[in-house]
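A.B. asks: Got upload_8.json for you, JSON, C-alpha atoms:
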[["chain", "number", "residue", "atom", "x", "y", "z"],
["A", 129, "MET", "CA", 55.67, -20.35, 51.15],
["A", 130, "ASP", "CA", 55.09, -20.18, 47.40],
["A", 131, "VAL", "CA", 55.32, -23.10, 44.96],
["A", 132, "LEU", "CA", 58.84, -22.34, 43.75],
["A", 133, "SER", "CA", 60.20, -22.16, 47.32],
["A", 134, "LYS", "CA", 58.60, -25.52, 48.11],
["A", 135, "PHE", "CA", 60.08, -26.95, 44.92],
["A", 136, "LEU", "CA", 63.55, -25.71, 45.87],
["A", 137, "ASP", "CA", 63.23, -27.42, 49.27],
["A", 138, "PHE", "CA", 62.16, -30.61, 47.46],
["A", 139, "LEU", "CA", 65.25, -30.46, 45.24],
["A", 140, "LEU", "CA", 67.61, -29.86, 48.17],
["A", 141, "ILE", "CA", 66.18, -32.88, 49.99],
["A", 142, "ASN", "CA", 66.14, -35.26, 47.01],
["A", 143, "TYR", "CA", 69.24, -34.29, 44.99],
["A", 144, "GLN", "CA", 72.80, -34.31, 46.31],
["A", 145, "SER", "CA", 74.33, -32.49, 43.35],
["A", 146, "LYS", "CA", 74.28, -28.73, 43.80],
["A", 147, "HIS", "CA", 74.68, -28.36, 40.04],
["A", 148, "THR", "CA", 71.52, -30.41, 39.41],
["A", 149, "VAL", "CA", 69.56, -28.49, 42.03],
["A", 150, "ASN", "CA", 70.61, -25.12, 40.60],
["A", 151, "SER", "CA", 70.03, -26.14, 36.98],
["A", 152, "TYR", "CA", 66.58, -27.61, 37.61],
["A", 153, "PHE", "CA", 65.47, -24.70, 39.76],
["A", 154, "ILE", "CA", 66.66, -22.09, 37.24],
["A", 155, "ASP", "CA", 65.07, -24.00, 34.35],
["A", 156, "VAL", "CA", 61.71, -24.13, 36.14],
["A", 157, "CYS", "CA", 61.91, -20.46, 37.16],
["A", 158, "GLN", "CA", 62.59, -19.49, 33.55],
["A", 159, "PHE", "CA", 59.59, -21.50, 32.40],
["A", 160, "ILE", "CA", 57.30, -19.93, 35.01],
["A", 161, "GLU", "CA", 58.55, -16.49, 34.00],
["A", 162, "TYR", "CA", 57.82, -17.35, 30.35],
["A", 163, "LYS", "CA", 54.34, -18.82, 31.03],
["A", 164, "LYS", "CA", 53.40, -16.65, 34.05],
["A", 165, "THR", "CA", 51.74, -19.72, 35.64],
["A", 166, "TYR", "CA", 52.33, -23.40, 36.28],
["A", 167, "ILE", "CA", 48.87, -24.26, 34.94],
["A", 168, "VAL", "CA", 49.67, -25.69, 31.51],
["A", 169, "SER", "CA", 48.59, -27.95, 28.66],
["A", 170, "GLU", "CA", 50.59, -30.11, 26.24],
["A", 171, "GLN", "CA", 50.25, -27.31, 23.69],
["A", 172, "ASP", "CA", 51.87, -24.89, 26.14],
["A", 173, "ILE", "CA", 54.86, -27.21, 26.56],
["A", 174, "ASN", "CA", 55.19, -27.75, 22.82],
["A", 175, "THR", "CA", 55.03, -23.99, 22.25],
["A", 176, "TYR", "CA", 57.77, -23.56, 24.81],
["A", 177, "ILE", "CA", 59.92, -26.16, 23.03],
["A", 178, "LEU", "CA", 59.44, -24.22, 19.80],
["A", 179, "PHE", "CA", 60.36, -21.00, 21.56],
["A", 180, "LEU", "CA", 63.57, -22.58, 22.88],
["A", 181, "SER", "CA", 64.44, -23.91, 19.43],
["A", 182, "LYS", "CA", 63.94, -20.49, 17.86],
["A", 183, "SER", "CA", 66.14, -19.08, 20.63],
["A", 184, "LYS", "CA", 68.97, -21.30, 19.31],
["A", 185, "LYS", "CA", 68.95, -23.61, 22.32],
["A", 186, "SER", "CA", 70.59, -26.96, 21.57],
["A", 187, "PRO", "CA", 68.58, -30.21, 21.69],
["A", 188, "LEU", "CA", 70.59, -31.25, 24.77],
["A", 189, "THR", "CA", 69.68, -28.02, 26.56],
["A", 190, "ILE", "CA", 66.02, -28.40, 25.65],
["A", 191, "LYS", "CA", 66.01, -32.00, 26.88],
["A", 192, "ARG", "CA", 67.53, -30.89, 30.20],
["A", 193, "LYS", "CA", 64.89, -28.18, 30.61],
["A", 194, "LEU", "CA", 62.14, -30.71, 29.91],
["A", 195, "SER", "CA", 63.67, -33.04, 32.49],
["A", 196, "ALA", "CA", 63.52, -30.20, 35.01],
["A", 197, "LEU", "CA", 59.87, -29.60, 34.17],
["A", 198, "SER", "CA", 59.13, -33.31, 34.54],
["A", 199, "VAL", "CA", 60.59, -33.23, 38.05],
["A", 200, "PHE", "CA", 58.67, -30.05, 38.84],
["A", 201, "TYR", "CA", 55.29, -31.38, 37.72],
["A", 202, "ASP", "CA", 55.94, -34.69, 39.46],
["A", 203, "PHE", "CA", 56.59, -32.68, 42.63],
["A", 204, "LEU", "CA", 53.34, -30.72, 42.13],
["A", 205, "LYS", "CA", 51.39, -33.97, 41.68],
["A", 206, "ARG", "CA", 52.93, -35.60, 44.75],
["A", 207, "SER", "CA", 52.20, -32.48, 46.80],
["A", 208, "GLY", "CA", 48.58, -32.41, 45.68],
["A", 209, "ILE", "CA", 49.06, -28.95, 44.20],
["A", 210, "TYR", "CA", 48.50, -29.64, 40.50],
["A", 211, "ASN", "CA", 48.22, -32.73, 38.29],
["A", 212, "PHE", "CA", 49.91, -32.62, 34.88],
["A", 213, "ASN", "CA", 51.93, -35.36, 33.18],
["A", 214, "LEU", "CA", 54.71, -34.60, 30.69],
["A", 215, "SER", "CA", 55.03, -38.21, 29.52],
["A", 216, "GLY", "CA", 53.21, -37.43, 26.26],
["A", 217, "ILE", "CA", 55.64, -34.68, 25.31],
["A", 218, "VAL", "CA", 58.02, -35.65, 22.48],
["A", 219, "ARG", "CA", 61.60, -34.84, 23.41],
["A", 220, "PRO", "CA", 63.88, -33.48, 20.70],
["A", 221, "LYS", "CA", 66.45, -35.97, 19.45],
["A", 222, "SER", "CA", 70.10, -35.24, 19.99],
["A", 223, "PRO", "CA", 71.87, -34.74, 16.67],
["A", 224, "LYS", "CA", 73.95, -37.70, 15.53],
["A", 225, "SER", "CA", 77.44, -37.00, 14.33],
["A", 226, "LEU", "CA", 77.83, -37.61, 10.62],
["A", 227, "PRO", "CA", 80.05, -40.52, 9.64],
["A", 228, "LYS", "CA", 83.32, -39.90, 7.85],
["A", 229, "PHE", "CA", 83.17, -39.69, 4.08],
["A", 230, "LEU", "CA", 85.61, -39.44, 1.19],
["A", 231, "ASP", "CA", 85.74, -36.80, -1.50],
["A", 232, "ILE", "CA", 85.76, -37.85, -5.16],
["A", 233, "ASP", "CA", 89.55, -37.83, -5.53],
["A", 234, "GLU", "CA", 90.00, -39.92, -2.40],
["A", 235, "THR", "CA", 87.40, -42.39, -3.62],
["A", 236, "ILE", "CA", 89.17, -42.84, -6.96],
["A", 237, "VAL", "CA", 92.54, -43.35, -5.26],
["A", 238, "PHE", "CA", 90.96, -45.78, -2.80],
["A", 239, "LEU", "CA", 89.48, -47.95, -5.59],
["A", 240, "GLU", "CA", 92.58, -47.86, -7.75],
["A", 241, "LYS", "CA", 94.90, -49.07, -4.97],
["A", 242, "ILE", "CA", 93.04, -52.37, -4.40],
["A", 243, "ASN", "CA", 94.96, -55.30, -5.92],
["A", 244, "SER", "CA", 92.62, -58.15, -4.92],
["A", 245, "LEU", "CA", 89.78, -58.75, -7.41],
["A", 246, "ARG", "CA", 87.45, -59.90, -4.64],
["A", 247, "ASP", "CA", 88.22, -56.92, -2.42],
["A", 248, "LYS", "CA", 87.87, -54.50, -5.35],
["A", 249, "ALA", "CA", 84.44, -56.01, -6.07],
["A", 250, "ILE", "CA", 83.43, -55.63, -2.42],
["A", 251, "ILE", "CA", 84.50, -52.01, -2.04],
["A", 252, "SER", "CA", 83.27, -50.99, -5.50],
["A", 253, "LEU", "CA", 79.82, -52.44, -4.77],
["A", 254, "LEU", "CA", 79.65, -50.90, -1.29],
["A", 255, "TYR", "CA", 80.30, -47.50, -2.82],
["A", 256, "SER", "CA", 78.52, -47.91, -6.17],
["A", 257, "SER", "CA", 75.19, -48.99, -4.67],
["A", 258, "ALA", "CA", 75.59, -47.36, -1.23],
["A", 259, "LEU", "CA", 75.02, -50.67, 0.49],
["A", 260, "ARG", "CA", 74.95, -51.41, 4.17],
["A", 261, "VAL", "CA", 77.39, -54.14, 5.15],
["A", 262, "SER", "CA", 74.54, -56.47, 6.14],
["A", 263, "GLU", "CA", 73.03, -56.04, 2.68],
["A", 264, "LEU", "CA", 76.33, -56.82, 1.01],
["A", 265, "VAL", "CA", 77.19, -59.99, 2.93],
["A", 266, "ASN", "CA", 73.74, -61.48, 2.30],
["A", 267, "LEU", "CA", 73.97, -61.06, -1.48],
["A", 268, "ASN", "CA", 73.87, -64.15, -3.68],
["A", 269, "ILE", "CA", 74.90, -64.47, -7.31],
["A", 270, "GLU", "CA", 71.23, -64.99, -8.21],
["A", 271, "ASP", "CA", 70.52, -61.46, -6.91],
["A", 272, "ILE", "CA", 72.53, -59.87, -9.71],
["A", 273, "ASN", "CA", 70.82, -58.80, -12.93],
["A", 274, "PHE", "CA", 73.84, -58.33, -15.20],
["A", 275, "SER", "CA", 71.81, -57.20, -18.22],
["A", 276, "ASN", "CA", 69.94, -54.49, -16.28],
["A", 277, "LYS", "CA", 72.99, -53.62, -14.15],
["A", 278, "ALA", "CA", 71.07, -53.99, -10.90],
["A", 279, "ILE", "CA", 70.98, -56.13, -7.77],
["A", 280, "VAL", "CA", 68.14, -57.20, -5.48],
["A", 281, "ILE", "CA", 68.90, -56.51, -1.83],
["A", 282, "THR", "CA", 66.98, -57.04, 1.38],
["A", 283, "ARG", "CA", 66.58, -53.80, 3.30],
["A", 284, "LYS", "CA", 65.61, -53.35, 6.94],
["A", 285, "GLY", "CA", 62.28, -54.97, 7.75],
["A", 286, "ASN", "CA", 62.96, -57.71, 5.14],
["A", 287, "LYS", "CA", 61.89, -55.39, 2.32],
["A", 288, "GLN", "CA", 63.38, -56.33, -1.03],
["A", 289, "MET", "CA", 64.49, -53.62, -3.41],
["A", 290, "SER", "CA", 66.36, -53.41, -6.71],
["A", 291, "VAL", "CA", 69.21, -50.93, -6.80],
["A", 292, "PRO", "CA", 71.42, -50.02, -9.75],
["A", 293, "VAL", "CA", 75.10, -50.89, -10.03],
["A", 294, "SER", "CA", 77.62, -48.92, -12.06],
["A", 295, "PRO", "CA", 78.82, -50.56, -15.33],
["A", 296, "LYS", "CA", 82.40, -50.61, -14.06],
["A", 297, "THR", "CA", 81.34, -52.43, -10.88],
["A", 298, "ILE", "CA", 79.30, -54.93, -12.92],
["A", 299, "ASP", "CA", 82.41, -55.76, -14.95],
["A", 300, "ILE", "CA", 84.45, -56.25, -11.78],
["A", 301, "LEU", "CA", 81.76, -58.55, -10.36],
["A", 302, "LYS", "CA", 81.71, -60.62, -13.57],
["A", 303, "ASN", "CA", 85.47, -61.10, -13.44],
["A", 304, "TYR", "CA", 85.39, -62.03, -9.75],
["A", 305, "ILE", "CA", 82.46, -64.46, -9.94],
["A", 306, "GLY", "CA", 83.82, -66.23, -13.02],
["A", 307, "ASP", "CA", 81.94, -69.44, -13.82],
["A", 308, "ARG", "CA", 79.97, -69.61, -10.56],
["A", 309, "PHE", "CA", 76.18, -69.52, -11.06],
["A", 310, "ASN", "CA", 74.71, -69.48, -7.55],
["A", 311, "GLY", "CA", 75.44, -69.14, -3.86],
["A", 312, "PRO", "CA", 77.07, -66.31, -1.90],
["A", 313, "ILE", "CA", 78.86, -63.71, -3.99],
["A", 314, "PHE", "CA", 81.69, -62.97, -1.59],
["A", 315, "LEU", "CA", 83.63, -65.93, -0.19],
["A", 316, "ASN", "CA", 86.51, -66.35, 2.23],
["A", 317, "LYS", "CA", 89.49, -68.64, 1.62],
["A", 318, "SER", "CA", 87.47, -71.61, 2.88],
["A", 319, "GLY", "CA", 84.71, -70.97, 0.37],
["A", 320, "HIS", "CA", 82.23, -69.72, 2.97],
["A", 321, "ARG", "CA", 80.23, -66.48, 2.98],
["A", 322, "LEU", "CA", 82.19, -63.51, 4.33],
["A", 323, "THR", "CA", 81.01, -61.99, 7.59],
["A", 324, "THR", "CA", 80.31, -58.34, 8.34],
["A", 325, "ARG", "CA", 83.44, -58.26, 10.49],
["A", 326, "SER", "CA", 85.53, -59.51, 7.56],
["A", 327, "ILE", "CA", 84.11, -56.77, 5.31],
["A", 328, "GLU", "CA", 84.88, -54.12, 7.92],
["A", 329, "ASN", "CA", 88.47, -55.36, 8.22],
["A", 330, "ILE", "CA", 88.92, -55.35, 4.43],
["A", 331, "VAL", "CA", 87.73, -51.75, 4.11],
["A", 332, "LYS", "CA", 89.87, -50.56, 7.02],
["A", 333, "LYS", "CA", 92.96, -52.34, 5.65],
["A", 334, "TYR", "CA", 92.85, -50.61, 2.26],
["A", 335, "ALA", "CA", 91.84, -47.24, 3.74],
["A", 336, "ARG", "CA", 94.86, -47.24, 6.01],
["A", 337, "LYS", "CA", 97.12, -48.36, 3.18],
["A", 338, "SER", "CA", 96.00, -45.94, 0.45],
["A", 339, "LEU", "CA", 94.49, -43.00, 2.34],
["A", 340, "LEU", "CA", 96.17, -43.26, 5.73],
["A", 341, "LYS", "CA", 92.68, -43.08, 7.21],
["A", 342, "ASP", "CA", 90.58, -45.37, 9.37],
["A", 343, "ILE", "CA", 87.13, -45.51, 7.77],
["A", 344, "SER", "CA", 84.21, -47.90, 8.03],
["A", 345, "PRO", "CA", 82.12, -49.49, 5.25],
["A", 346, "HIS", "CA", 79.32, -47.09, 6.21],
["A", 347, "ALA", "CA", 81.62, -44.20, 5.27],
["A", 348, "LEU", "CA", 81.49, -45.49, 1.67],
["A", 349, "ARG", "CA", 77.68, -45.45, 1.77],
["A", 350, "HIS", "CA", 77.72, -41.91, 3.14],
["A", 351, "SER", "CA", 80.31, -40.88, 0.56],
["A", 352, "ARG", "CA", 78.12, -42.25, -2.22],
["A", 353, "ALA", "CA", 75.09, -40.34, -1.03],
["A", 354, "THR", "CA", 77.10, -37.13, -0.61],
["A", 355, "HIS", "CA", 78.59, -37.38, -4.11],
["A", 356, "LEU", "CA", 75.22, -38.02, -5.76],
["A", 357, "LEU", "CA", 73.55, -35.16, -3.92],
["A", 358, "ASN", "CA", 76.40, -32.77, -4.68],
["A", 359, "ASN", "CA", 76.22, -33.72, -8.35],
["A", 360, "GLY", "CA", 72.56, -32.84, -8.62],
["A", 361, "MET", "CA", 70.54, -35.97, -7.87],
["A", 362, "ASP", "CA", 67.00, -35.15, -6.74],
["A", 363, "LEU", "CA", 66.67, -35.57, -2.98],
["A", 364, "ARG", "CA", 63.58, -37.77, -3.33],
["A", 365, "ILE", "CA", 65.36, -40.19, -5.64],
["A", 366, "LEU", "CA", 68.37, -40.24, -3.36],
["A", 367, "GLN", "CA", 66.16, -41.07, -0.37],
["A", 368, "ARG", "CA", 64.64, -43.96, -2.33],
["A", 369, "PHE", "CA", 68.06, -45.12, -3.45],
["A", 370, "LEU", "CA", 69.34, -45.27, 0.13],
["A", 371, "GLY", "CA", 66.26, -47.11, 1.33],
["A", 372, "HIS", "CA", 65.71, -44.90, 4.36],
["A", 373, "SER", "CA", 62.80, -46.02, 6.52],
["A", 374, "SER", "CA", 61.56, -42.69, 7.90],
["A", 375, "ILE", "CA", 57.91, -41.78, 7.51],
["A", 376, "LEU", "CA", 58.72, -39.11, 4.95],
["A", 377, "ALA", "CA", 60.83, -41.58, 3.00],
["A", 378, "THR", "CA", 58.12, -44.23, 2.82],
["A", 379, "GLN", "CA", 55.39, -41.71, 1.97],
["A", 380, "VAL", "CA", 57.23, -39.70, -0.64],
["A", 381, "TYR", "CA", 59.71, -42.00, -2.29],
["A", 382, "THR", "CA", 58.16, -45.47, -2.55],
["A", 383, "HIS", "CA", 56.30, -44.61, -5.78],
["A", 384, "LEU", "CA", 59.54, -44.10, -7.70],
["A", 385, "SER", "CA", 60.23, -46.89, -10.18],
["A", 386, "LEU", "CA", 63.52, -48.70, -10.72],
["A", 387, "GLN", "CA", 63.77, -47.09, -14.17],
["A", 388, "ASP", "CA", 63.60, -43.62, -12.59],
["A", 389, "LEU", "CA", 66.31, -44.70, -10.20],
["A", 390, "ILE", "CA", 68.58, -46.13, -12.90],
["A", 391, "LYS", "CA", 68.11, -43.05, -15.11],
["A", 392, "ALA", "CA", 69.06, -40.66, -12.31],
["A", 393, "TYR", "CA", 71.87, -42.93, -11.19],
["A", 394, "ASP", "CA", 73.45, -43.05, -14.66],
["A", 395, "ALA", "CA", 73.09, -39.31, -15.10],
["A", 396, "PHE", "CA", 74.70, -38.30, -11.83],
["A", 397, "HIS", "CA", 77.17, -41.06, -10.96],
["A", 398, "PRO", "CA", 80.45, -39.09, -10.62],
["A", 399, "LEU", "CA", 82.66, -42.04, -11.48],
["A", 400, "ASN", "CA", 80.65, -43.11, -14.54],
["A", 401, "LYS", "CA", 82.26, -40.34, -16.56],
["A", 402, "ASN", "CA", 85.18, -42.67, -17.17],
["A", 403, "ASP", "CA", 83.12, -45.84, -17.69]]
Reformat the file's structure so that it appears as structure tokens.

C.D. replies:
Amino acid sequence: MDVLSKFLDFLLINYQSKHTVNSYFIDVCQFIEYKKTYIVSEQDINTYILFLSKSKKSPLTIKRKLSALSVFYDFLKRSGIYNFNLSGIVRPKSPKSLPKFLDIDETIVFLEKINSLRDKAIISLLYSSALRVSELVNLNIEDINFSNKAIVITRKGNKQMSVPVSPKTIDILKNYIGDRFNGPIFLNKSGHRLTTRSIENIVKKYARKSLLKDISPHALRHSRATHLLNNGMDLRILQRFLGHSSILATQVYTHLSLQDLIKAYDAFHPLNKND
């Protein structure tokens, strides 16, 4: 009995689902046909992953095939036939669905339909500086540099960063804050700092009212990034602006200065044309 026949018997004994048995067996047979042997190295597996990607196989399909190979090589090890471990192989990530975002016209309508000064300041700042909700709720008045039109925020990993704010949003913030000099920027009716849940509810309320849509605060951040990129902002500056924490982001974009950021921001902010 050859190795593949023994593997099929192993699957039939250990897996109740016929679909799983068939899928795993076919996946392993296809790999053996591709490689012509079950004697492999990590490079062989990585080359196979690349081959599958170039063959337009989806990340989910590739992950399933790698799962089948993991079962196969575990079977070979248990049977004393061949010892190879796939644990060091990096699986492809499944693509995340993009969050909803607004086009420019929708964004303008959204901002214009807000009658509360506090809520207008919240939504304008979320969009203007592409903030995460956690970054917004933790802002204090002391974090605003009105003269430079910038705010200091704490990104993931407790990293502080200055990001620009549009002139129109700065004016709205000034009017909302009034004669307060310190403490949380955004307060509830009791005078306490707003929570992330409160911000989410505020955004959803106005989105349903003015756009007949159910969007999240993160959709404003994604909208901001989309608008800047579509209007010509350099991808490196945009990555720095968003504060992404990927390896490429930290290696390529951390050298950019705040002045570079403000210059690009002013040049490509789509709503600044009317400021």

A.B. asks: Give the answer as one residue: which of A:Val149, A:Leu140, A:Ile251, A:Leu230 has the shortest atom-to-atom distance to Asn329 (chain A), using only C-alpha atoms?

C.D. replies: A:Ile251

A.B. asks: Using only C-alpha atoms, which residues sit within 10 Å of region 162-179 of chain A once same-chain residues fewer than 6 positions away are excluded, as a list in words?

C.D. replies: Val131, Leu132, Val156, Lys185, Pro187, Ile190, Lys191, Lys193, Leu194, Leu197, Phe200, Tyr201, Leu204, Tyr210, Asn211, Phe212, Asn213, Leu214, Ser215, Gly216, Ile217, Val218, Arg219 and Pro220 of chain A

A.B. asks: Quick one, how far is CA of Ala353 (chain A) from CA of Ala258 (chain A)?

C.D. replies: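 Calculated distance between CA of Ala353 (chain A) and CA of Ala258 (chain A) is 7.0 Å.
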
A.B. asks: One number please: CA of Leu357 (chain A) to CA of Val331 (chain A), in Å, one decimal.

C.D. replies: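 CA of Leu357 (chain A) sits 23.3 Å away from CA of Val331 (chain A).
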
A.B. asks: Of the candidates A:Asp231, A:Asn303, A:Asp202, A:Lys184, which one gets nearest to Asn358 (chain A) if we count all atoms listed in the file?

C.D. replies: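 Once distances to Asn358 (chain A) are computed over all atoms listed in the file, the minimum belongs to A:Asp231.
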
A.B. asks: Between CA of Arg260 (chain A) and CA of Asp342 (chain A), what distance in Å does the model show, to one decimal?

C.D. replies: 17.5 Å

A.B. asks: Would you list the contacts of Asn276 (chain A) as a VMD selection string, taking every protein, DNA or RNA residue within 9 Å and counting all atoms listed in the file, but skipping same-chain residues closer than 3 positions in sequence?

C.D. replies: chain A and resid 272 to 273 279 292 to 293

A.B. asks: Kindly write region 131-140 of chain A with all heavy atoms to a file, as a tab-separated table (two decimals), in the first residue's frame.

C.D. replies:
chain	number	residue	atom	x	y	z
A	131	VAL	N	1.84	5.47	0.14
A	131	VAL	CA	1.64	6.47	1.19
A	131	VAL	C	0.27	7.13	1.08
A	131	VAL	O	-0.40	7.34	2.09
A	131	VAL	CB	2.77	7.52	1.11
A	131	VAL	CG1	2.44	8.71	2.03
A	131	VAL	CG2	4.09	6.92	1.54
A	132	LEU	N	-0.15	7.48	-0.12
A	132	LEU	CA	-1.43	8.16	-0.30
A	132	LEU	C	-2.61	7.27	0.11
A	132	LEU	O	-3.59	7.76	0.70
A	132	LEU	CB	-1.60	8.64	-1.74
A	132	LEU	CG	-0.72	9.83	-2.16
A	132	LEU	CD1	-0.91	10.16	-3.64
A	132	LEU	CD2	-1.06	11.05	-1.30
A	133	SER	N	-2.52	5.98	-0.18
A	133	SER	CA	-3.59	5.05	0.22
A	133	SER	C	-3.66	4.96	1.74
A	133	SER	O	-4.75	4.94	2.33
A	133	SER	CB	-3.35	3.67	-0.39
A	133	SER	OG	-3.41	3.72	-1.80
A	134	LYS	N	-2.50	4.89	2.39
A	134	LYS	CA	-2.46	4.86	3.85
A	134	LYS	C	-3.03	6.15	4.43
A	134	LYS	O	-3.74	6.14	5.45
A	134	LYS	CB	-1.03	4.66	4.33
A	134	LYS	CG	-0.44	3.29	4.04
A	134	LYS	CD	0.98	3.19	4.56
A	134	LYS	CE	1.57	1.82	4.27
A	134	LYS	NZ	2.99	1.72	4.75
A	135	PHE	N	-2.73	7.26	3.78
A	135	PHE	CA	-3.23	8.56	4.26
A	135	PHE	C	-4.75	8.62	4.13
A	135	PHE	O	-5.43	9.12	5.03
A	135	PHE	CB	-2.59	9.70	3.45
A	135	PHE	CG	-3.07	11.08	3.85
A	135	PHE	CD1	-2.94	11.53	5.15
A	135	PHE	CD2	-3.67	11.91	2.91
A	135	PHE	CE1	-3.39	12.80	5.51
A	135	PHE	CE2	-4.12	13.18	3.25
A	135	PHE	CZ	-4.00	13.62	4.57
A	136	LEU	N	-5.29	8.08	3.03
A	136	LEU	CA	-6.74	8.07	2.85
A	136	LEU	C	-7.40	7.24	3.95
A	136	LEU	O	-8.43	7.65	4.52
A	136	LEU	CB	-7.10	7.51	1.48
A	136	LEU	CG	-8.60	7.42	1.16
A	136	LEU	CD1	-9.27	8.78	1.28
A	136	LEU	CD2	-8.81	6.84	-0.23
A	137	ASP	N	-6.82	6.09	4.28
A	137	ASP	CA	-7.36	5.27	5.37
A	137	ASP	C	-7.32	6.04	6.68
A	137	ASP	O	-8.26	5.97	7.49
A	137	ASP	CB	-6.54	3.97	5.50
A	137	ASP	CG	-6.80	3.01	4.36
A	137	ASP	OD1	-7.83	3.18	3.67
A	137	ASP	OD2	-5.98	2.11	4.14
A	138	PHE	N	-6.25	6.78	6.91
A	138	PHE	CA	-6.10	7.58	8.13
A	138	PHE	C	-7.22	8.63	8.21
A	138	PHE	O	-7.82	8.84	9.27
A	138	PHE	CB	-4.72	8.25	8.11
A	138	PHE	CG	-4.54	9.30	9.18
A	138	PHE	CD1	-4.21	8.93	10.48
A	138	PHE	CD2	-4.69	10.65	8.87
A	138	PHE	CE1	-4.04	9.91	11.46
A	138	PHE	CE2	-4.53	11.62	9.84
A	138	PHE	CZ	-4.20	11.25	11.15
A	139	LEU	N	-7.50	9.28	7.08
A	139	LEU	CA	-8.55	10.30	7.05
A	139	LEU	C	-9.92	9.68	7.32
A	139	LEU	O	-10.74	10.24	8.08
A	139	LEU	CB	-8.57	11.00	5.68
A	139	LEU	CG	-7.39	11.91	5.36
A	139	LEU	CD1	-7.50	12.43	3.93
A	139	LEU	CD2	-7.30	13.08	6.33
A	140	LEU	N	-10.20	8.54	6.71
A	140	LEU	CA	-11.50	7.89	6.88
A	140	LEU	C	-11.73	7.46	8.33
A	140	LEU	O	-12.86	7.48	8.82
A	140	LEU	CB	-11.60	6.68	5.95
A	140	LEU	CG	-11.68	7.00	4.45
A	140	LEU	CD1	-11.54	5.73	3.62
A	140	LEU	CD2	-13.01	7.70	4.13
